[in-house]
Every structure is written in C-alpha cells, then in structure tokens.
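Structure data (PDB, N, CA and C atoms, pLDDT in the B column) from coords_37.pdb:
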```pdb
ATOM      1  N   MET A   1      83.712-149.780 126.889  1.00 61.00           N
ATOM      2  CA  MET A   1      82.449-150.098 127.523  1.00 61.00           C
ATOM      3  C   MET A   1      81.325-149.739 126.566  1.00 61.00           C
ATOM      4  N   SER A   2      80.427-150.643 126.334  1.00 68.00           N
ATOM      5  CA  SER A   2      79.336-150.341 125.418  1.00 68.00           C
ATOM      6  C   SER A   2      78.074-149.915 126.155  1.00 68.00           C
ATOM      7  N   ALA A   3      77.700-150.631 127.205  1.00 90.00           N
ATOM      8  CA  ALA A   3      76.516-150.280 127.981  1.00 90.00           C
ATOM      9  C   ALA A   3      76.925-149.397 129.152  1.00 90.00           C
ATOM     10  N   ALA A   4      76.035-148.491 129.525  1.00 95.00           N
ATOM     11  CA  ALA A   4      76.324-147.614 130.650  1.00 95.00           C
ATOM     12  C   ALA A   4      76.391-148.430 131.942  1.00 95.00           C
ATOM     13  N   PRO A   5      77.368-148.125 132.793  1.00 96.00           N
ATOM     14  CA  PRO A   5      77.464-148.824 134.079  1.00 96.00           C
ATOM     15  C   PRO A   5      76.382-148.347 135.044  1.00 96.00           C
ATOM     16  N   ALA A   6      76.286-148.981 136.178  1.00 97.00           N
ATOM     17  CA  ALA A   6      75.341-148.563 137.210  1.00 97.00           C
ATOM     18  C   ALA A   6      75.786-147.220 137.790  1.00 97.00           C
ATOM     19  N   VAL A   7      74.833-146.412 138.179  1.00 97.00           N
ATOM     20  CA  VAL A   7      75.153-145.135 138.811  1.00 97.00           C
ATOM     21  C   VAL A   7      75.986-145.411 140.061  1.00 97.00           C
ATOM     22  N   GLY A   8      77.087-144.686 140.199  1.00 94.00           N
ATOM     23  CA  GLY A   8      77.988-144.863 141.331  1.00 94.00           C
ATOM     24  C   GLY A   8      79.159-145.781 141.048  1.00 94.00           C
ATOM     25  N   ALA A   9      79.128-146.489 139.906  1.00 96.00           N
ATOM     26  CA  ALA A   9      80.234-147.383 139.556  1.00 96.00           C
ATOM     27  C   ALA A   9      81.498-146.571 139.315  1.00 96.00           C
ATOM     28  N   LEU A  10      82.622-147.105 139.759  1.00 96.00           N
ATOM     29  CA  LEU A  10      83.900-146.437 139.536  1.00 96.00           C
ATOM     30  C   LEU A  10      84.424-146.792 138.155  1.00 96.00           C
ATOM     31  N   VAL A  11      84.772-145.767 137.398  1.00 97.00           N
ATOM     32  CA  VAL A  11      85.269-145.943 136.039  1.00 97.00           C
ATOM     33  C   VAL A  11      86.452-145.019 135.802  1.00 97.00           C
ATOM     34  N   VAL A  12      87.200-145.306 134.752  1.00 97.00           N
ATOM     35  CA  VAL A  12      88.345-144.478 134.375  1.00 97.00           C
ATOM     36  C   VAL A  12      88.066-143.874 133.008  1.00 97.00           C
ATOM     37  N   ASP A  13      88.171-142.556 132.936  1.00 97.00           N
ATOM     38  CA  ASP A  13      88.070-141.835 131.669  1.00 97.00           C
ATOM     39  C   ASP A  13      89.480-141.805 131.094  1.00 97.00           C
ATOM     40  N   THR A  14      89.756-142.681 130.131  1.00 97.00           N
ATOM     41  CA  THR A  14      91.106-142.769 129.578  1.00 97.00           C
ATOM     42  C   THR A  14      91.458-141.544 128.748  1.00 97.00           C
ATOM     43  N   GLY A  15      90.462-140.829 128.238  1.00 94.00           N
ATOM     44  CA  GLY A  15      90.723-139.617 127.475  1.00 94.00           C
ATOM     45  C   GLY A  15      91.282-138.506 128.346  1.00 94.00           C
ATOM     46  N   ALA A  16      90.830-138.459 129.600  1.00 95.00           N
ATOM     47  CA  ALA A  16      91.295-137.431 130.539  1.00 95.00           C
ATOM     48  C   ALA A  16      92.217-138.009 131.605  1.00 95.00           C
ATOM     49  N   ASP A  17      92.414-139.326 131.598  1.00 94.00           N
ATOM     50  CA  ASP A  17      93.228-140.023 132.579  1.00 94.00           C
ATOM     51  C   ASP A  17      92.763-139.679 133.996  1.00 94.00           C
ATOM     52  N   ARG A  18      91.437-139.848 134.215  1.00 95.00           N
ATOM     53  CA  ARG A  18      90.832-139.539 135.510  1.00 95.00           C
ATOM     54  C   ARG A  18      89.905-140.661 135.936  1.00 95.00           C
ATOM     55  N   LEU A  19      89.862-140.905 137.232  1.00 96.00           N
ATOM     56  CA  LEU A  19      88.945-141.869 137.814  1.00 96.00           C
ATOM     57  C   LEU A  19      87.740-141.112 138.338  1.00 96.00           C
ATOM     58  N   GLY A  20      86.561-141.677 138.145  1.00 95.00           N
ATOM     59  CA  GLY A  20      85.369-141.017 138.648  1.00 95.00           C
ATOM     60  C   GLY A  20      84.223-141.986 138.846  1.00 95.00           C
ATOM     61  N   GLU A  21      83.158-141.471 139.433  1.00 95.00           N
ATOM     62  CA  GLU A  21      81.932-142.237 139.624  1.00 95.00           C
ATOM     63  C   GLU A  21      80.999-141.924 138.467  1.00 95.00           C
ATOM     64  N   PHE A  22      80.399-142.951 137.907  1.00 97.00           N
ATOM     65  CA  PHE A  22      79.433-142.753 136.836  1.00 97.00           C
ATOM     66  C   PHE A  22      78.188-142.121 137.440  1.00 97.00           C
ATOM     67  N   ARG A  23      77.695-141.039 136.831  1.00 97.00           N
ATOM     68  CA  ARG A  23      76.520-140.325 137.336  1.00 97.00           C
ATOM     69  C   ARG A  23      75.315-140.440 136.410  1.00 97.00           C
ATOM     70  N   GLY A  24      75.533-140.665 135.121  1.00 97.00           N
ATOM     71  CA  GLY A  24      74.412-140.778 134.197  1.00 97.00           C
ATOM     72  C   GLY A  24      74.822-140.450 132.773  1.00 97.00           C
ATOM     73  N   VAL A  25      73.827-140.499 131.901  1.00 97.00           N
ATOM     74  CA  VAL A  25      74.041-140.235 130.483  1.00 97.00           C
ATOM     75  C   VAL A  25      73.550-138.828 130.176  1.00 97.00           C
ATOM     76  N   VAL A  26      74.389-138.068 129.468  1.00 94.00           N
ATOM     77  CA  VAL A  26      74.051-136.704 129.066  1.00 94.00           C
ATOM     78  C   VAL A  26      74.228-136.635 127.559  1.00 94.00           C
ATOM     79  N   GLY A  27      73.136-136.790 126.822  1.00 95.00           N
ATOM     80  CA  GLY A  27      73.228-136.813 125.364  1.00 95.00           C
ATOM     81  C   GLY A  27      74.121-137.967 124.935  1.00 95.00           C
ATOM     82  N   PRO A  28      75.142-137.687 124.113  1.00 95.00           N
ATOM     83  CA  PRO A  28      76.038-138.764 123.663  1.00 95.00           C
ATOM     84  C   PRO A  28      77.181-139.050 124.653  1.00 95.00           C
ATOM     85  N   HIS A  29      77.232-138.312 125.751  1.00 97.00           N
ATOM     86  CA  HIS A  29      78.330-138.454 126.708  1.00 97.00           C
ATOM     87  C   HIS A  29      77.863-139.059 128.028  1.00 97.00           C
ATOM     88  N   TRP A  30      78.839-139.470 128.821  1.00 97.00           N
ATOM     89  CA  TRP A  30      78.572-139.948 130.177  1.00 97.00           C
ATOM     90  C   TRP A  30      79.070-138.904 131.156  1.00 97.00           C
ATOM     91  N   SER A  31      78.299-138.685 132.191  1.00 98.00           N
ATOM     92  CA  SER A  31      78.658-137.735 133.230  1.00 98.00           C
ATOM     93  C   SER A  31      79.395-138.489 134.346  1.00 98.00           C
ATOM     94  N   LEU A  32      80.585-137.997 134.699  1.00 97.00           N
ATOM     95  CA  LEU A  32      81.401-138.598 135.737  1.00 97.00           C
ATOM     96  C   LEU A  32      81.687-137.549 136.804  1.00 97.00           C
ATOM     97  N   ARG A  33      81.865-138.020 138.036  1.00 94.00           N
ATOM     98  CA  ARG A  33      82.134-137.134 139.160  1.00 94.00           C
ATOM     99  C   ARG A  33      83.391-137.611 139.865  1.00 94.00           C
ATOM    100  N   PRO A  34      84.279-136.701 140.248  1.00 91.00           N
ATOM    101  CA  PRO A  34      85.465-137.114 141.001  1.00 91.00           C
ATOM    102  C   PRO A  34      85.054-137.834 142.286  1.00 91.00           C
ATOM    103  N   VAL A  35      85.796-138.832 142.674  1.00 85.00           N
ATOM    104  CA  VAL A  35      85.467-139.629 143.856  1.00 85.00           C
ATOM    105  C   VAL A  35      85.473-138.782 145.119  1.00 85.00           C
ATOM    106  N   GLY A  36      86.386-137.863 145.254  1.00 75.00           N
ATOM    107  CA  GLY A  36      86.473-137.021 146.443  1.00 75.00           C
ATOM    108  C   GLY A  36      85.572-135.809 146.395  1.00 75.00           C
ATOM    109  N   GLY A  37      84.706-135.731 145.405  1.00 79.00           N
ATOM    110  CA  GLY A  37      83.844-134.572 145.238  1.00 79.00           C
ATOM    111  C   GLY A  37      84.417-133.614 144.212  1.00 79.00           C
ATOM    112  N   GLY A  38      83.629-132.677 143.820  1.00 86.00           N
ATOM    113  CA  GLY A  38      84.070-131.701 142.834  1.00 86.00           C
ATOM    114  C   GLY A  38      83.148-131.670 141.639  1.00 86.00           C
ATOM    115  N   ALA A  39      83.538-130.910 140.658  1.00 94.00           N
ATOM    116  CA  ALA A  39      82.712-130.713 139.476  1.00 94.00           C
ATOM    117  C   ALA A  39      82.677-131.955 138.593  1.00 94.00           C
ATOM    118  N   GLU A  40      81.489-132.272 138.124  1.00 96.00           N
ATOM    119  CA  GLU A  40      81.336-133.388 137.192  1.00 96.00           C
ATOM    120  C   GLU A  40      81.933-133.000 135.843  1.00 96.00           C
ATOM    121  N   TRP A  41      82.278-134.007 135.059  1.00 97.00           N
ATOM    122  CA  TRP A  41      82.749-133.773 133.698  1.00 97.00           C
ATOM    123  C   TRP A  41      82.099-134.801 132.789  1.00 97.00           C
ATOM    124  N   GLU A  42      82.123-134.512 131.509  1.00 97.00           N
ATOM    125  CA  GLU A  42      81.546-135.421 130.530  1.00 97.00           C
ATOM    126  C   GLU A  42      82.648-136.168 129.805  1.00 97.00           C
ATOM    127  N   ALA A  43      82.395-137.457 129.569  1.00 97.00           N
ATOM    128  CA  ALA A  43      83.379-138.309 128.906  1.00 97.00           C
ATOM    129  C   ALA A  43      82.728-139.033 127.743  1.00 97.00           C
ATOM    130  N   GLU A  44      83.525-139.329 126.733  1.00 97.00           N
ATOM    131  CA  GLU A  44      83.040-140.140 125.613  1.00 97.00           C
ATOM    132  C   GLU A  44      82.974-141.587 126.081  1.00 97.00           C
ATOM    133  N   PRO A  45      81.830-142.243 125.915  1.00 97.00           N
ATOM    134  CA  PRO A  45      81.686-143.624 126.392  1.00 97.00           C
ATOM    135  C   PRO A  45      82.768-144.579 125.874  1.00 97.00           C
ATOM    136  N   GLY A  46      83.240-144.393 124.661  1.00 96.00           N
ATOM    137  CA  GLY A  46      84.262-145.269 124.103  1.00 96.00           C
ATOM    138  C   GLY A  46      85.620-145.140 124.777  1.00 96.00           C
ATOM    139  N   ARG A  47      85.784-144.097 125.572  1.00 97.00           N
ATOM    140  CA  ARG A  47      87.055-143.878 126.267  1.00 97.00           C
ATOM    141  C   ARG A  47      86.953-144.153 127.763  1.00 97.00           C
ATOM    142  N   VAL A  48      85.888-144.833 128.156  1.00 97.00           N
ATOM    143  CA  VAL A  48      85.683-145.130 129.575  1.00 97.00           C
ATOM    144  C   VAL A  48      85.784-146.638 129.779  1.00 97.00           C
ATOM    145  N   ARG A  49      86.489-147.017 130.852  1.00 97.00           N
ATOM    146  CA  ARG A  49      86.629-148.432 131.192  1.00 97.00           C
ATOM    147  C   ARG A  49      86.361-148.599 132.682  1.00 97.00           C
ATOM    148  N   PRO A  50      85.998-149.808 133.098  1.00 97.00           N
ATOM    149  CA  PRO A  50      85.807-150.040 134.539  1.00 97.00           C
ATOM    150  C   PRO A  50      87.130-149.859 135.289  1.00 97.00           C
ATOM    151  N   ALA A  51      87.043-149.372 136.501  1.00 97.00           N
ATOM    152  CA  ALA A  51      88.237-149.237 137.336  1.00 97.00           C
ATOM    153  C   ALA A  51      88.701-150.630 137.752  1.00 97.00           C
ATOM    154  N   ASP A  52      90.024-150.823 137.789  1.00 96.00           N
ATOM    155  CA  ASP A  52      90.541-152.123 138.226  1.00 96.00           C
ATOM    156  C   ASP A  52      90.547-152.164 139.760  1.00 96.00           C
ATOM    157  N   PRO A  53      90.801-153.328 140.349  1.00 96.00           N
ATOM    158  CA  PRO A  53      90.739-153.443 141.812  1.00 96.00           C
ATOM    159  C   PRO A  53      91.648-152.458 142.554  1.00 96.00           C
ATOM    160  N   MET A  54      92.853-152.224 142.072  1.00 96.00           N
ATOM    161  CA  MET A  54      93.759-151.289 142.742  1.00 96.00           C
ATOM    162  C   MET A  54      93.216-149.857 142.663  1.00 96.00           C
ATOM    163  N   GLU A  55      92.674-149.485 141.526  1.00 95.00           N
ATOM    164  CA  GLU A  55      92.098-148.139 141.383  1.00 95.00           C
ATOM    165  C   GLU A  55      90.901-147.969 142.317  1.00 95.00           C
ATOM    166  N   ARG A  56      90.082-149.013 142.462  1.00 93.00           N
ATOM    167  CA  ARG A  56      88.936-148.945 143.374  1.00 93.00           C
ATOM    168  C   ARG A  56      89.409-148.806 144.823  1.00 93.00           C
ATOM    169  N   LEU A  57      90.461-149.534 145.191  1.00 94.00           N
ATOM    170  CA  LEU A  57      90.999-149.451 146.549  1.00 94.00           C
ATOM    171  C   LEU A  57      91.529-148.039 146.836  1.00 94.00           C
ATOM    172  N   ARG A  58      92.266-147.485 145.907  1.00 91.00           N
ATOM    173  CA  ARG A  58      92.785-146.117 146.090  1.00 91.00           C
ATOM    174  C   ARG A  58      91.652-145.114 146.240  1.00 91.00           C
ATOM    175  N   ALA A  59      90.616-145.272 145.429  1.00 88.00           N
ATOM    176  CA  ALA A  59      89.476-144.352 145.490  1.00 88.00           C
ATOM    177  C   ALA A  59      88.758-144.460 146.827  1.00 88.00           C
ATOM    178  N   GLU A  60      88.554-145.666 147.302  1.00 89.00           N
ATOM    179  CA  GLU A  60      87.870-145.851 148.583  1.00 89.00           C
ATOM    180  C   GLU A  60      88.714-145.298 149.727  1.00 89.00           C
ATOM    181  N   THR A  61      90.029-145.478 149.666  1.00 91.00           N
ATOM    182  CA  THR A  61      90.921-144.928 150.688  1.00 91.00           C
ATOM    183  C   THR A  61      90.852-143.403 150.683  1.00 91.00           C
ATOM    184  N   ALA A  62      90.856-142.797 149.514  1.00 84.00           N
ATOM    185  CA  ALA A  62      90.755-141.336 149.408  1.00 84.00           C
ATOM    186  C   ALA A  62      89.429-140.845 149.974  1.00 84.00           C
ATOM    187  N   ARG A  63      88.356-141.578 149.707  1.00 83.00           N
ATOM    188  CA  ARG A  63      87.030-141.198 150.203  1.00 83.00           C
ATOM    189  C   ARG A  63      86.992-141.263 151.734  1.00 83.00           C
ATOM    190  N   VAL A  64      87.525-142.337 152.307  1.00 88.00           N
ATOM    191  CA  VAL A  64      87.548-142.494 153.768  1.00 88.00           C
ATOM    192  C   VAL A  64      88.409-141.407 154.406  1.00 88.00           C
ATOM    193  N   ASN A  65      89.553-141.115 153.813  1.00 88.00           N
ATOM    194  CA  ASN A  65      90.422-140.067 154.347  1.00 88.00           C
ATOM    195  C   ASN A  65      89.741-138.702 154.308  1.00 88.00           C
ATOM    196  N   ALA A  66      89.037-138.417 153.237  1.00 83.00           N
ATOM    197  CA  ALA A  66      88.329-137.134 153.122  1.00 83.00           C
ATOM    198  C   ALA A  66      87.258-137.032 154.212  1.00 83.00           C
ATOM    199  N   ARG A  67      86.532-138.121 154.427  1.00 84.00           N
ATOM    200  CA  ARG A  67      85.512-138.116 155.483  1.00 84.00           C
ATOM    201  C   ARG A  67      86.139-137.901 156.847  1.00 84.00           C
ATOM    202  N   SER A  68      87.293-138.516 157.092  1.00 90.00           N
ATOM    203  CA  SER A  68      87.940-138.385 158.405  1.00 90.00           C
ATOM    204  C   SER A  68      88.413-136.953 158.648  1.00 90.00           C
ATOM    205  N   ARG A  69      88.644-136.212 157.577  1.00 88.00           N
ATOM    206  CA  ARG A  69      89.028-134.792 157.696  1.00 88.00           C
ATOM    207  C   ARG A  69      87.812-133.882 157.802  1.00 88.00           C
ATOM    208  N   GLY A  70      86.617-134.491 157.745  1.00 86.00           N
ATOM    209  CA  GLY A  70      85.389-133.697 157.867  1.00 86.00           C
ATOM    210  C   GLY A  70      84.930-133.078 156.559  1.00 86.00           C
ATOM    211  N   GLU A  71      85.504-133.516 155.441  1.00 80.00           N
ATOM    212  CA  GLU A  71      85.097-132.966 154.153  1.00 80.00           C
ATOM    213  C   GLU A  71      83.760-133.569 153.749  1.00 80.00           C
ATOM    214  N   ARG A  72      82.936-132.768 153.135  1.00 70.00           N
ATOM    215  CA  ARG A  72      81.642-133.251 152.640  1.00 70.00           C
ATOM    216  C   ARG A  72      81.819-133.756 151.239  1.00 70.00           C
ATOM    217  N   LEU A  73      81.309-134.943 150.984  1.00 61.00           N
ATOM    218  CA  LEU A  73      81.456-135.553 149.665  1.00 61.00           C
ATOM    219  C   LEU A  73      80.158-135.552 148.923  1.00 61.00           C
TER     220      LEU A  73
END
```
Encoded form (structure tokens):
Amino acid sequence: MSAAPAVGALVVDTGADRLGEFRGVVGPHWSLRPVGGGAEWEAEPGRVRPADPMERLRAETARVNARSRGERL
C-alpha cells in the first residue's frame, strides 16, 4: 500500500501477521488498532495490505460478538 487508507479501514500488518483498523500516521509508521480493542501498534506501511473480504467478515463477526458480551470497544 502506498497511500494511507481511510481511518477505520481494515488492514493486515503482514510483518506481525495481525489484522487491525488503520488509526493514522505516526512519523514513518502507521498506527493500527486491534479490531476487538486493545493497544495500538505501529506498522511499516510497506508491510500493510487491505484486508480481504473473508478477513473483513471475521473481524466484523468478532466485533459483534464482543458487543453482545458487553465488552467496550
């Protein structure tokens, strides 16, 4: 990915093998947040790709399940 995605876009950090929401640019890195909540991490933009449809579906299912358990996201 060369240009930063929209805030909230689901992306995969291939360097860490993690899916997250794009939160913004921090110096030379991109800030990503786990879909179910948790601590943000920084990723190298060259190692980030858009999430595919199946990854987006899994993330949305995890988010809905967390909400149904009363977890704050």
Q) Among chain A, which residues carry a DSSP assignment of strand (DSSP E), reported as a list of chain:residue names? A) A:Leu10, A:Val11, A:Val12, A:Asp13, A:Arg18, A:Leu19, A:Gly20, A:Glu21, A:Phe22, A:Arg23, A:Gly24, A:Val25, A:Val26, A:His29, A:Trp30, A:Ser31, A:Leu32, A:Arg33, A:Pro34, A:Trp41, A:Glu42, A:Ala43, A:Val48, A:Arg49, A:Pro50
Q.
Which residue is closest to Val48 in chain A? Choose from A:Pro34, A:Gly8, A:Gly70, A:Gly15 and count only C-alpha atoms.
A.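 Smallest distance to Val48 in chain A is found for A:Gly15.
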Q. Can you tell me, as a list in words, what residues are no more than 9 Å from Ala4 in chain A when counting only C-alpha atoms, ignoring any on the same chain fewer than 6 positions away?
A.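 Here the qualifying residues turn out to be Phe22, Gly24, Val25, Trp30 and Pro45 of chain A.
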Could you give me, as an mmCIF file with N, CA and C atoms, in the frame of the given file, each residue of chain A that DSSP assigns to helix (DSSP H, G or I) when run on this structure's backbone?
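Done, and the output landed in out03.cif:
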```
data_model
loop_
_atom_site.group_PDB
_atom_site.id
_atom_site.type_symbol
_atom_site.label_atom_id
_atom_site.label_comp_id
_atom_site.auth_asym_id
_atom_site.auth_seq_id
_atom_site.Cartn_x
_atom_site.Cartn_y
_atom_site.Cartn_z
ATOM 1 N N PRO A 45 81.830 -142.243 125.915
ATOM 2 C CA PRO A 45 81.686 -143.624 126.392
ATOM 3 C C PRO A 45 82.768 -144.579 125.874
ATOM 4 N N GLY A 46 83.240 -144.393 124.661
ATOM 5 C CA GLY A 46 84.262 -145.269 124.103
ATOM 6 C C GLY A 46 85.620 -145.140 124.777
ATOM 7 N N ARG A 47 85.784 -144.097 125.572
ATOM 8 C CA ARG A 47 87.055 -143.878 126.267
ATOM 9 C C ARG A 47 86.953 -144.153 127.763
ATOM 10 N N PRO A 53 90.801 -153.328 140.349
ATOM 11 C CA PRO A 53 90.739 -153.443 141.812
ATOM 12 C C PRO A 53 91.648 -152.458 142.554
ATOM 13 N N MET A 54 92.853 -152.224 142.072
ATOM 14 C CA MET A 54 93.759 -151.289 142.742
ATOM 15 C C MET A 54 93.216 -149.857 142.663
ATOM 16 N N GLU A 55 92.674 -149.485 141.526
ATOM 17 C CA GLU A 55 92.098 -148.139 141.383
ATOM 18 C C GLU A 55 90.901 -147.969 142.317
ATOM 19 N N ARG A 56 90.082 -149.013 142.462
ATOM 20 C CA ARG A 56 88.936 -148.945 143.374
ATOM 21 C C ARG A 56 89.409 -148.806 144.823
ATOM 22 N N LEU A 57 90.461 -149.534 145.191
ATOM 23 C CA LEU A 57 90.999 -149.451 146.549
ATOM 24 C C LEU A 57 91.529 -148.039 146.836
ATOM 25 N N ARG A 58 92.266 -147.485 145.907
ATOM 26 C CA ARG A 58 92.785 -146.117 146.090
ATOM 27 C C ARG A 58 91.652 -145.114 146.240
ATOM 28 N N ALA A 59 90.616 -145.272 145.429
ATOM 29 C CA ALA A 59 89.476 -144.352 145.490
ATOM 30 C C ALA A 59 88.758 -144.460 146.827
ATOM 31 N N GLU A 60 88.554 -145.666 147.302
ATOM 32 C CA GLU A 60 87.870 -145.851 148.583
ATOM 33 C C GLU A 60 88.714 -145.298 149.727
ATOM 34 N N THR A 61 90.029 -145.478 149.666
ATOM 35 C CA THR A 61 90.921 -144.928 150.688
ATOM 36 C C THR A 61 90.852 -143.403 150.683
ATOM 37 N N ALA A 62 90.856 -142.797 149.514
ATOM 38 C CA ALA A 62 90.755 -141.336 149.408
ATOM 39 C C ALA A 62 89.429 -140.845 149.974
ATOM 40 N N ARG A 63 88.356 -141.578 149.707
ATOM 41 C CA ARG A 63 87.030 -141.198 150.203
ATOM 42 C C ARG A 63 86.992 -141.263 151.734
ATOM 43 N N VAL A 64 87.525 -142.337 152.307
ATOM 44 C CA VAL A 64 87.548 -142.494 153.768
ATOM 45 C C VAL A 64 88.409 -141.407 154.406
ATOM 46 N N ASN A 65 89.553 -141.115 153.813
ATOM 47 C CA ASN A 65 90.422 -140.067 154.347
ATOM 48 C C ASN A 65 89.741 -138.702 154.308
ATOM 49 N N ALA A 66 89.037 -138.417 153.237
ATOM 50 C CA ALA A 66 88.329 -137.134 153.122
ATOM 51 C C ALA A 66 87.258 -137.032 154.212
ATOM 52 N N ARG A 67 86.532 -138.121 154.427
ATOM 53 C CA ARG A 67 85.512 -138.116 155.483
ATOM 54 C C ARG A 67 86.139 -137.901 156.847
ATOM 55 N N SER A 68 87.293 -138.516 157.092
ATOM 56 C CA SER A 68 87.940 -138.385 158.405
ATOM 57 C C SER A 68 88.413 -136.953 158.648
#
```
Q: Using the chain letters and residue numbers of this document, give as a list in words the residues selected by the PyMOL selection byres (((chain A and resi 38 and name CA) around 12) and name CA).
A: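 This file gives the following for the PyMOL selection byres (((chain A and resi 38 and name CA) around 12) and name CA): Gly20, Glu21, Leu32, Arg33, Pro34, Val35, Gly36, Gly37, Ala39, Glu40, Trp41, Glu71, Arg72 and Leu73 of chain A.
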